[in-house]
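Raw contents of final_13.txt, compact mmCIF, C-alpha atoms:
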```txt
# COMPACT_ATOMS: atom_id res chain seq x y z
CA MET A 1 74.34 244.79 379.49
CA SER A 2 74.09 246.66 382.78
CA THR A 3 71.67 245.24 385.30
CA GLU A 4 72.00 248.02 387.89
CA TYR A 5 69.64 251.00 387.69
CA ASP A 6 68.11 253.68 389.84
CA VAL A 7 64.61 252.81 388.62
CA LEU A 8 63.13 249.82 386.83
CA VAL A 9 59.91 250.47 384.92
CA ILE A 10 57.92 247.31 384.24
CA GLY A 11 55.90 247.67 381.05
CA ALA A 12 56.43 249.72 377.88
CA GLY A 13 52.91 250.95 377.37
CA VAL A 14 52.46 254.72 377.32
CA ALA A 15 52.34 254.95 381.14
CA GLY A 16 55.68 253.19 381.44
CA LEU A 17 57.25 255.02 378.51
CA HIS A 18 56.15 258.40 379.80
CA ALA A 19 57.36 257.69 383.34
CA GLY A 20 60.64 256.29 382.08
CA CYS A 21 61.21 259.22 379.77
CA LEU A 22 60.64 261.81 382.50
CA LEU A 23 62.84 259.95 384.96
CA ALA A 24 65.68 259.54 382.45
CA GLU A 25 65.45 263.19 381.47
CA ALA A 26 65.78 264.05 385.18
CA GLY A 27 69.11 262.24 385.23
CA ARG A 28 68.09 258.87 386.66
CA ARG A 29 69.49 255.58 385.36
CA VAL A 30 66.32 253.91 384.09
CA ALA A 31 65.50 250.66 382.36
CA ILE A 32 62.07 249.88 380.93
CA VAL A 33 61.51 246.12 380.87
CA GLU A 34 58.79 244.93 378.50
CA ALA A 35 57.39 241.41 378.08
CA ARG A 36 56.53 241.83 374.40
CA ASP A 37 58.84 242.25 371.44
CA ARG A 38 57.30 245.68 370.79
CA ILE A 39 56.40 248.83 372.70
CA GLY A 40 53.03 250.54 373.05
CA GLY A 41 51.01 248.05 375.10
CA ARG A 42 47.38 248.41 374.10
CA ILE A 43 48.37 250.85 371.36
CA TRP A 44 49.23 248.68 368.37
CA THR A 45 49.14 250.03 364.82
CA GLN A 46 49.41 247.68 361.84
CA PRO A 47 50.19 249.53 358.58
CA ILE A 48 48.64 247.96 355.47
CA THR A 49 48.93 248.87 351.79
CA LEU A 50 45.78 249.03 349.68
CA GLY A 51 46.02 248.17 346.00
CA ASP A 52 48.69 250.17 344.21
CA SER A 53 48.76 252.92 346.84
CA GLN A 54 52.24 254.11 347.79
CA PHE A 55 51.16 255.09 351.29
CA PRO A 56 50.24 252.58 354.00
CA ILE A 57 46.98 252.88 355.90
CA PRO A 58 47.22 252.57 359.70
CA VAL A 59 44.96 249.86 361.09
CA GLU A 60 44.53 250.12 364.85
CA LEU A 61 44.36 246.86 366.75
CA GLY A 62 43.93 248.65 370.08
CA ALA A 63 43.41 252.30 371.03
CA GLU A 64 42.21 254.35 368.07
CA PHE A 65 40.82 257.75 369.09
CA VAL A 66 42.20 260.76 370.87
CA HIS A 67 39.18 261.69 372.98
CA GLY A 68 38.84 265.46 373.11
CA LEU A 69 41.66 267.82 374.02
CA PRO A 70 43.50 266.24 376.97
CA PRO A 71 46.69 268.25 377.54
CA GLU A 72 48.69 265.11 378.41
CA THR A 73 48.23 263.83 374.87
CA TRP A 74 48.26 267.04 372.87
CA VAL A 75 51.49 268.35 374.40
CA LEU A 76 53.25 265.22 373.16
CA ILE A 77 51.52 265.33 369.77
CA LYS A 78 52.79 268.87 369.28
CA GLN A 79 56.28 268.03 370.52
CA ALA A 80 56.45 265.16 368.05
CA ALA A 81 54.93 267.31 365.25
CA LEU A 82 52.39 264.56 364.54
CA SER A 83 49.59 265.31 362.08
CA THR A 84 46.04 264.67 363.28
CA TYR A 85 42.55 264.94 361.88
CA GLU A 86 39.15 265.22 363.52
CA ILE A 87 36.43 262.66 362.88
CA ASP A 88 33.70 263.91 360.60
CA GLY A 89 30.94 262.51 358.42
CA ALA A 90 27.43 261.15 358.45
CA VAL A 91 25.93 259.18 361.33
CA LEU A 92 23.41 256.49 360.33
CA ARG A 93 21.13 254.16 362.24
CA PHE A 94 19.75 250.76 361.25
CA ASP A 95 16.48 249.85 362.96
CA GLY A 96 16.38 246.23 361.84
CA SER A 97 14.79 246.90 358.49
CA ARG A 98 16.14 250.15 357.05
CA LEU A 99 18.99 252.63 357.22
CA MET A 100 18.27 256.21 358.16
CA ALA A 101 20.06 259.33 359.33
CA ALA A 102 20.60 259.17 363.07
CA ASN A 103 18.92 261.81 365.19
CA GLN A 104 21.77 264.02 366.39
CA GLN A 105 19.63 265.64 369.05
CA GLN A 106 19.92 264.35 372.58
CA GLY A 107 17.55 261.43 373.03
CA PRO A 108 15.97 259.94 376.15
CA ALA A 109 18.94 257.60 376.74
CA GLU A 110 21.42 260.49 376.63
CA SER A 111 19.16 262.54 378.90
CA ALA A 112 19.13 259.70 381.43
CA LEU A 113 22.92 259.77 381.50
CA GLN A 114 23.05 263.54 381.83
CA GLU A 115 20.56 263.50 384.70
CA MET A 116 22.77 261.10 386.66
CA ALA A 117 24.92 263.92 388.01
CA GLN A 118 21.90 265.80 389.36
CA TRP A 119 20.54 262.60 390.87
CA MET A 120 23.89 261.86 392.51
CA GLN A 121 24.04 265.31 394.11
CA GLN A 122 20.77 264.57 395.88
CA GLN A 123 22.07 261.36 397.46
CA PRO A 124 23.85 261.09 400.84
CA SER A 125 27.62 261.47 400.70
CA GLY A 126 29.37 258.25 399.75
CA SER A 127 26.32 256.76 398.04
CA ASP A 128 26.89 254.43 395.12
CA LEU A 129 25.06 251.77 393.14
CA SER A 130 25.38 250.05 389.80
CA PHE A 131 24.17 251.71 386.64
CA ALA A 132 21.56 248.97 386.20
CA GLU A 133 20.24 249.70 389.70
CA TYR A 134 20.17 253.40 388.91
CA LEU A 135 18.10 252.73 385.77
CA GLU A 136 15.66 250.58 387.73
CA GLY A 137 14.99 253.51 390.06
CA GLN A 138 14.18 255.92 387.24
CA ALA A 139 10.84 256.31 385.52
CA LEU A 140 12.16 255.12 382.15
CA ASP A 141 10.46 253.07 379.51
CA PRO A 142 12.17 249.73 378.76
CA LEU A 143 13.56 250.85 375.38
CA THR A 144 15.19 253.95 376.85
CA ALA A 145 16.65 251.99 379.75
CA ARG A 146 18.03 249.36 377.37
CA ALA A 147 19.57 252.03 375.13
CA ALA A 148 21.20 253.77 378.10
CA GLY A 149 22.57 250.49 379.44
CA ASN A 150 23.93 249.52 376.03
CA ARG A 151 25.64 252.87 375.69
CA VAL A 152 27.39 252.62 379.06
CA GLU A 153 28.50 249.05 378.39
CA SER A 154 29.77 249.82 374.89
CA PHE A 155 31.76 252.93 375.82
CA ASN A 156 33.18 251.63 379.11
CA ALA A 157 33.68 247.98 378.11
CA ALA A 158 31.76 247.34 381.30
CA ASP A 159 28.90 245.35 382.76
CA GLN A 160 26.07 247.74 383.65
CA HIS A 161 25.23 245.54 386.64
CA ARG A 162 28.69 246.22 388.08
CA ILE A 163 29.89 249.65 386.96
CA SER A 164 29.61 252.40 389.56
CA VAL A 165 27.28 255.34 389.07
CA ALA A 166 29.61 257.48 391.18
CA SER A 167 32.43 256.70 388.75
CA LEU A 168 30.22 257.46 385.73
CA VAL A 169 29.33 260.86 387.16
CA LYS A 170 33.01 261.60 387.75
CA GLN A 171 33.85 260.39 384.26
CA GLN A 172 31.16 262.53 382.70
CA ALA A 173 32.50 265.69 384.38
CA ALA A 174 36.04 264.81 383.32
CA GLU A 175 34.97 264.26 379.72
CA ASP A 176 33.04 267.52 379.61
CA ALA A 177 36.14 269.37 380.80
CA ILE A 178 38.20 268.20 377.80
CA GLY A 179 35.47 268.16 375.14
CA ALA A 180 35.67 264.38 374.84
CA ASP A 181 32.76 264.29 372.39
CA ARG A 182 35.28 265.44 369.77
CA LEU A 183 37.30 262.56 368.34
CA PHE A 184 40.68 262.72 366.60
CA ARG A 185 43.09 260.30 364.95
CA LEU A 186 46.80 260.45 364.29
CA GLU A 187 47.54 260.42 360.56
CA ALA A 188 50.48 258.07 360.99
CA GLY A 189 48.62 255.84 363.44
CA TYR A 190 48.50 255.89 367.24
CA ALA A 191 51.80 253.98 367.49
CA ALA A 192 53.58 257.20 366.51
CA LEU A 193 52.98 258.45 370.08
CA PRO A 194 54.73 255.62 371.99
CA ASN A 195 57.42 255.57 369.30
CA PHE A 196 58.12 259.24 370.03
CA LEU A 197 58.30 258.59 373.78
CA ALA A 198 60.69 255.68 373.22
CA GLU A 199 62.96 257.85 371.10
CA LYS A 200 63.02 260.51 373.81
CA PHE A 201 63.69 257.89 376.47
CA ILE A 202 66.64 256.37 374.62
CA ALA A 203 68.02 259.81 373.77
CA ALA A 204 67.98 260.62 377.50
CA GLY A 205 70.11 257.55 378.22
CA GLY A 206 67.37 255.08 379.12
CA ALA A 207 67.66 251.36 378.45
CA LEU A 208 64.72 249.73 376.64
CA ILE A 209 64.67 245.97 377.17
CA LEU A 210 62.11 244.06 375.09
CA ASP A 211 60.97 240.45 374.99
CA ALA A 212 61.70 240.08 378.70
CA PRO A 213 58.63 239.04 380.74
CA VAL A 214 59.08 239.83 384.42
CA LYS A 215 58.14 236.75 386.43
CA LYS A 216 59.19 237.71 389.93
CA ILE A 217 60.03 240.86 391.88
CA VAL A 218 61.91 240.46 395.15
CA TRP A 219 62.23 243.67 397.11
CA ASN A 220 62.86 245.40 400.38
CA ARG A 221 63.11 249.07 401.09
CA ASN A 222 65.25 250.80 398.41
CA ALA A 223 66.27 247.48 396.81
CA VAL A 224 64.48 245.71 393.96
CA SER A 225 65.43 242.60 391.98
CA ALA A 226 63.31 241.73 388.94
CA GLU A 227 63.64 238.28 387.42
CA THR A 228 62.93 237.96 383.70
CA THR A 229 63.11 235.22 381.09
CA ARG A 230 64.95 236.11 377.88
CA ALA A 231 65.97 233.75 375.08
CA GLY A 232 65.40 230.76 377.31
CA GLY A 233 67.52 232.08 380.18
CA HIS A 234 66.84 233.87 383.45
CA PHE A 235 68.13 237.39 384.02
CA HIS A 236 67.97 239.67 387.04
CA PHE A 237 67.77 243.45 386.95
CA HIS A 238 68.42 245.48 390.07
CA SER A 239 67.34 248.95 391.12
CA ASN A 240 66.50 251.13 394.07
CA ARG A 241 62.87 251.54 393.01
CA ALA A 242 60.41 249.93 390.60
CA VAL A 243 57.45 251.41 388.74
CA ILE A 244 54.87 248.75 387.83
CA THR A 245 52.75 249.76 384.83
CA VAL A 246 51.38 246.39 383.68
CA PRO A 247 47.63 246.31 382.93
CA LEU A 248 45.13 245.71 385.71
CA GLY A 249 44.30 242.25 384.34
CA VAL A 250 47.90 241.13 384.73
CA LEU A 251 48.00 242.32 388.34
CA GLN A 252 44.73 240.56 389.11
CA ALA A 253 45.98 237.32 387.56
CA GLN A 254 49.10 237.54 389.76
CA SER A 255 51.23 236.89 386.68
CA ILE A 256 54.10 238.60 388.50
CA GLU A 257 55.11 237.16 391.85
CA PHE A 258 55.99 239.80 394.44
CA VAL A 259 58.16 238.87 397.42
CA PRO A 260 56.90 240.15 399.78
CA ARG A 261 53.42 240.84 398.42
CA PRO A 262 52.32 244.51 398.42
CA ALA A 263 49.05 243.36 399.93
CA ASP A 264 47.25 246.71 400.15
CA VAL A 265 47.90 247.66 396.52
CA LEU A 266 46.88 244.23 395.23
CA LEU A 267 43.74 244.33 397.38
CA HIS A 268 42.67 247.61 395.76
CA ALA A 269 43.56 246.23 392.32
CA SER A 270 41.20 243.31 393.00
CA ARG A 271 38.36 245.76 393.67
CA LEU A 272 38.51 247.14 390.10
CA LYS A 273 37.35 245.38 386.95
CA MET A 274 38.94 244.76 383.58
CA GLY A 275 36.43 245.03 380.75
CA ALA A 276 36.22 243.20 377.42
CA ALA A 277 36.12 244.87 374.01
CA LEU A 278 35.86 243.70 370.42
CA HIS A 279 37.68 245.84 367.83
CA LEU A 280 37.55 244.24 364.37
CA THR A 281 38.73 246.06 361.24
CA LEU A 282 37.40 244.89 357.87
CA VAL A 283 39.28 246.19 354.82
CA PHE A 284 37.34 246.14 351.55
CA LYS A 285 38.37 246.53 347.93
CA GLN A 286 35.86 249.33 347.56
CA LYS A 287 33.16 251.12 349.53
CA PHE A 288 29.64 249.73 349.30
CA TRP A 289 28.31 252.23 351.86
CA ASP A 290 27.58 255.95 351.90
CA PRO A 291 30.99 257.49 351.11
CA ASN A 292 30.42 260.08 353.86
CA LEU A 293 29.57 257.51 356.54
CA SER A 294 31.35 258.05 359.85
CA PHE A 295 29.38 256.12 362.49
CA LEU A 296 26.70 253.48 362.12
CA PHE A 297 24.55 252.25 364.99
CA ALA A 298 22.55 249.04 364.60
CA PRO A 299 21.17 248.23 368.08
CA THR A 300 19.23 245.20 366.85
CA GLU A 301 22.32 243.58 365.30
CA SER A 302 25.62 242.03 366.39
CA PRO A 303 28.06 243.73 366.27
CA ALA A 304 25.93 246.82 366.85
CA THR A 305 28.45 249.67 366.53
CA TRP A 306 30.46 250.47 363.40
CA TRP A 307 32.61 253.31 362.18
CA THR A 308 34.88 254.30 359.30
CA PRO A 309 38.09 256.37 359.21
CA MET A 310 36.21 259.37 357.80
CA PRO A 311 37.21 261.91 356.66
CA HIS A 312 39.98 259.55 355.52
CA LYS A 313 38.72 257.84 352.38
CA ALA A 314 40.13 254.34 352.99
CA PRO A 315 37.49 251.57 352.53
CA LEU A 316 37.55 250.33 356.13
CA LEU A 317 34.68 249.39 358.43
CA ILE A 318 35.46 248.87 362.11
CA ALA A 319 33.14 246.75 364.27
CA TRP A 320 33.00 247.50 367.98
CA ALA A 321 31.39 245.96 371.05
CA GLY A 322 32.12 246.41 374.74
CA GLY A 323 31.28 244.64 377.97
CA PRO A 324 29.09 241.51 378.01
CA LYS A 325 28.26 241.83 374.29
CA ALA A 326 31.97 241.80 373.49
CA GLU A 327 32.47 238.78 375.74
CA SER A 328 29.71 236.96 373.87
CA LEU A 329 31.18 237.74 370.45
CA LEU A 330 34.72 236.87 371.52
CA LYS A 331 33.49 233.37 372.38
CA LEU A 332 33.29 232.80 368.62
CA ILE A 333 37.09 232.75 368.60
CA THR A 334 38.36 229.20 369.00
CA ALA A 335 40.91 228.07 371.55
CA ASP A 336 43.64 228.11 368.90
CA GLY A 337 42.84 231.73 367.98
CA ASP A 338 40.76 231.16 364.82
CA ALA A 339 38.42 234.16 364.57
CA SER A 340 36.87 233.33 361.20
CA ALA A 341 33.45 232.71 362.77
CA LEU A 342 33.56 236.21 364.24
CA ARG A 343 34.54 237.62 360.86
CA ASP A 344 31.68 235.76 359.19
CA ARG A 345 29.18 237.00 361.79
CA SER A 346 30.30 240.57 361.11
CA LEU A 347 30.05 240.17 357.34
CA SER A 348 26.53 238.76 357.70
CA THR A 349 25.55 241.77 359.80
CA LEU A 350 26.87 244.13 357.12
CA ALA A 351 25.04 242.24 354.39
CA LYS A 352 21.78 242.66 356.30
CA ILE A 353 22.33 246.33 357.10
CA PHE A 354 23.20 247.28 353.52
CA ALA A 355 20.71 244.86 351.90
CA LEU A 356 23.41 243.10 349.88
CA PRO A 357 23.97 239.42 349.08
CA LEU A 358 26.41 237.97 351.60
CA SER A 359 28.48 236.56 348.74
CA ASP A 360 29.00 240.08 347.37
CA VAL A 361 30.18 241.39 350.73
CA ARG A 362 32.53 238.43 351.11
CA ASN A 363 34.00 238.95 347.67
CA MET A 364 34.68 242.62 348.38
CA LEU A 365 36.62 241.83 351.57
CA SER A 366 40.35 242.39 351.12
CA SER A 367 41.65 241.65 354.64
CA TRP A 368 40.58 241.68 358.27
CA HIS A 369 42.45 242.51 361.43
CA LEU A 370 41.78 241.66 365.06
CA HIS A 371 43.68 241.24 368.31
CA ASN A 372 41.95 239.49 371.19
CA TRP A 373 43.08 241.53 374.20
CA GLN A 374 40.97 239.37 376.47
CA SER A 375 43.15 236.30 375.87
CA ASP A 376 46.43 238.23 375.56
CA ALA A 377 48.54 237.05 378.51
CA TYR A 378 50.15 240.47 378.85
CA THR A 379 46.84 242.35 379.01
CA LEU A 380 43.95 240.04 379.97
CA GLY A 381 41.30 242.55 379.03
CA ALA A 382 40.69 245.75 377.12
CA TYR A 383 40.66 248.43 379.81
CA SER A 384 39.55 249.02 383.37
CA TYR A 385 36.38 250.35 384.94
CA VAL A 386 35.28 251.11 388.50
CA PRO A 387 32.60 248.85 390.02
CA VAL A 388 30.25 249.83 392.80
CA GLY A 389 32.01 250.92 395.97
CA ALA A 390 35.52 251.08 394.47
CA LEU A 391 35.85 254.76 393.58
CA ASP A 392 38.73 255.10 396.04
CA ALA A 393 40.65 252.10 394.68
CA PRO A 394 42.63 253.89 391.91
CA GLU A 395 43.88 256.54 394.34
CA ASN A 396 44.84 253.91 396.91
CA MET A 397 46.80 252.02 394.26
CA ARG A 398 48.94 255.13 393.76
CA ILE A 399 50.24 255.11 397.34
CA PRO A 400 53.95 254.12 397.16
CA VAL A 401 54.94 250.93 398.96
CA GLU A 402 57.86 251.69 401.27
CA ASP A 403 58.97 254.38 398.79
CA THR A 404 60.17 251.45 396.70
CA LEU A 405 57.28 250.04 394.63
CA TYR A 406 55.07 252.38 392.64
CA PHE A 407 52.04 251.45 390.54
CA ALA A 408 50.72 253.34 387.52
CA GLY A 409 48.49 252.88 384.49
CA GLU A 410 45.08 253.91 383.22
CA HIS A 411 43.53 251.96 386.10
CA THR A 412 45.22 254.30 388.62
CA ASP A 413 43.68 257.44 387.13
CA VAL A 414 42.08 259.74 389.70
CA ALA A 415 40.52 262.31 387.35
CA GLY A 416 37.79 260.12 385.85
CA HIS A 417 39.46 259.19 382.55
CA TRP A 418 39.82 255.43 383.13
CA GLY A 419 40.45 253.35 380.03
CA THR A 420 42.05 256.12 377.97
CA VAL A 421 45.51 256.85 376.64
CA HIS A 422 45.55 260.25 378.33
CA ALA A 423 44.81 258.59 381.68
CA ALA A 424 47.85 256.36 381.18
CA LEU A 425 50.01 259.34 380.21
CA ALA A 426 48.88 261.32 383.26
CA ALA A 427 49.56 258.31 385.51
CA GLY A 428 53.05 258.01 384.04
CA ALA A 429 53.81 261.66 384.73
CA GLY A 430 52.37 261.42 388.23
CA VAL A 431 54.41 258.38 389.22
CA ALA A 432 57.59 259.99 387.85
CA ASP A 433 56.97 262.94 390.16
CA GLN A 434 56.44 260.56 393.10
CA VAL A 435 59.73 258.74 392.45
CA LEU A 436 61.70 261.94 392.00
CA SER A 437 60.22 263.42 395.16
CA ALA A 438 61.06 260.31 397.18
CA ALA A 439 64.60 260.32 395.79
CA GLY A 440 65.12 263.97 396.69
CA GLY A 441 64.79 265.30 393.16
CA ALA A 442 62.20 267.15 391.17
CA ARG A 443 61.08 267.19 387.59
CA GLY A 444 61.58 270.44 385.73
CA PRO A 445 58.67 272.51 384.42
```

Taking this structure as input, can you express it in the form of C-alpha cells?
Amino acid sequence: MSTEYDVLVIGAGVAGLHAGCLLAEAGRRVAIVEARDRIGGRIWTQPITLGDSQFPIPVELGAEFVHGLPPETWVLIKQAALSTYEIDGAVLRFDGSRLMAANQQQGPAESALQEMAQWMQQQPSGSDLSFAEYLEGQALDPLTARAAGNRVESFNAADQHRISVASLVKQQAAEDAIGADRLFRLEAGYAALPNFLAEKFIAAGGALILDAPVKKIVWNRNAVSAETTRAGGHFHFHSNRAVITVPLGVLQAQSIEFVPRPADVLLHASRLKMGAALHLTLVFKQKFWDPNLSFLFAPTESPATWWTPMPHKAPLLIAWAGGPKAESLLKLITADGDASALRDRSLSTLAKIFALPLSDVRNMLSSWHLHNWQSDAYTLGAYSYVPVGALDAPENMRIPVEDTLYFAGEHTDVAGHWGTVHAALAAGAGVADQVLSAAGGARGP
C-alpha cells in the first residue's frame, strides 16, 4: 500500500468524502483515512427486514432528514439517481391527558422565534446573548417561553442558556432560503449518499483506508505525517497537505495529537459546543396509532417528540430529544452500553399517550435501534451549535494553517446551517477549493 499522497483527508464522513472526491477528480493523489470500519460518519443506515417482506426498511441511527432544498445535497441526489419522498401526514399533540390534532397555525412560541430577527436588527452591531436571556427580556408568558426554549433545544441539540441568538437569527435566514420546513428522506436510506461519494472517489483513483484511527499528526509547511493504528500495528501516511474533517467533539477532546499544535484553530474549536441528541427507533409488529400519523408532540412527556416514516407505511416510531433533555435520557444507558431502561421509558411514554396497557405495547415491539453518539469515541456528540459570542469561530476554523492543515465539517459552516448534512457537504467542497487554490490548481465547474 502506498503511503505517499498529495492530500490526506482525515475522516470519511460526508465532508471528508466530498472533499476527497473533488480533489481526486482534480487529479490529486488522495487518501481518506477513517477510524471506523465503515464510511458515513454520523450518517449510519441499518437496513432491517419486517416479517415476510422482501424489501429491507432503512433505519437511521444518525442523520435522517434532508432539510429543504439545499443545492449541495440535491445535486448529488440527482447525480446518483436516488429516489426520495417528502414527509407527509397528520401532526398530533398530547397534552398529558388526550391526543388531539396539532394546531398548524403559528403559535406564540413560533412567533417569538420569528420576532428574534427584528429584535436583533434593533441591537448595536456585534450584540449577542443566549436564547434564554433573550426570552427573559421579552414580555412572554411562562408557557410560551418554555415552549420556545424547548423548541430551540430540541432542534439544535443545544442548551438554551448557551446557544447564541445571533447564530439562531443567521440560521433562521439560512433555513428560509432553502425552504427547510420541508423534510425529505432517501428511499434507500441516507447511507446511499456517502456510498455514492465513496464510489466516485475510488473511481477517480482515491484510496479509502478504513479501520485506521489517526492518533498523531506531525507536520511542517507542505509536509504531513499521520500516524494510525491498524490491526495492532502502527502505520504512517505522508502527504503535502491534510484536511481534517473529524467531528468537533473529537477536536475538543484532543483525541488527535498535533505536532506542533495549530493553536488558533483549536482555540476557535473550543469556543463552539457539541450538542447531545437521542434518536431511538422502535419497530413494531403492527401500528397501534393513527395510520396517517407523521409527527407527535408530547411536551409533558419524556421523550417528548416522536415521528413516523410517513408516507412510508412501515410500523416505526422514532423518539427524539435534543440538548439537556437528551443528556438526561442518555444517562439511562449504563456504562456497558445497556439501553434497555431507555427503551422501557419510551415504551411507557407511548402506552400513556395512546392509552394502552404497557404489556400490550411491549408485546407489539419487534426490535429497537439506537446509537449513543455522545459516548462514541469518534464523535463525542450529535452535532455542533454556536454559543454566545462565538459566531466568528466557524469562519476562523476555516483559515488554512501554513497552507498545510485545513479543517472542515458541519461545525465550520459559515452560512448558518450548522448540524446538517448539507453544511458538511458545503464545507467539503469549500476546503477542496482551498487546497486546489493553494496548490496552484482549480476545480472545474

Quiz item: Any idea what the distance is between CA of Ser53 (chain A) and CA of Arg185 (chain A)?
Solution: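 CA of Ser53 (chain A) sits 20.4 Å away from CA of Arg185 (chain A).
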
Exercise. Please provide as a PyMOL selection string all residues within 10 Å of Thr404 (chain A), with the sequence filter that same-chain residues fewer than 6 positions apart are discarded (counting all atoms listed in the file).
Key: chain A and resi 7+219-224+239-243+435+438-439

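Between CA of Asp403 (chain A) and CA of Ala432 (chain A) the separation is 12.4 Å.
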
At a cut-off of 7 Å, can you tabulate as CSV every residue of region 39-92 of chain A near region 421-425 of chain A together with its closest atom pair and the distance in Å to one decimal, using only C-alpha atoms and ordering rows by chain then number?
```
residue,atom,partner,partner_atom,distance
A:Pro70,CA,A:His422,CA,6.5
A:Glu72,CA,A:His422,CA,5.8
A:Thr73,CA,A:His422,CA,5.7
```

Quiz item: Which residues, written as a PyMOL selection string, have at least one atom at most 12 Å from Tyr406 (chain A), with only C-alpha atoms counted and residues fewer than 5 positions away on the same chain left out?
Solution: chain A and resi 7-10+16+19+222+224+240-246+262+265-266+396-401+412+427-428+430-436+438

Quiz item: Neighbours of Phe131 (chain A) within 7 Å (all atoms listed in the file; same-chain residues fewer than 2 positions away dropped), as a ChimeraX atom specification?
Solution: /A:129,133-135,160-161,163-165

Quiz prompt | Long-range neighbours of region 313-315 of chain A as a PyMOL selection string, 10 Å cut-off, all atoms listed in the file, 2 positions minimum in chain | solution = chain A and resi 50+57-58+282-289+291-292+308-311+317+365-366

Quiz item: So what do you get for CA of Ala263 (chain A) versus CA of Thr3 (chain A), distance-wise?
Solution: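 Computed distance, CA of Ala263 (chain A) to CA of Thr3 (chain A), equals 27.0 Å.
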
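Selecting by distance to (20.0, 248.3, 368.4) with a limit of 8 Å and using only C-alpha atoms, one obtains Phe94, Asp95, Gly96, Ala147, Phe297, Ala298, Pro299, Thr300, Glu301 and Ala304 of chain A.
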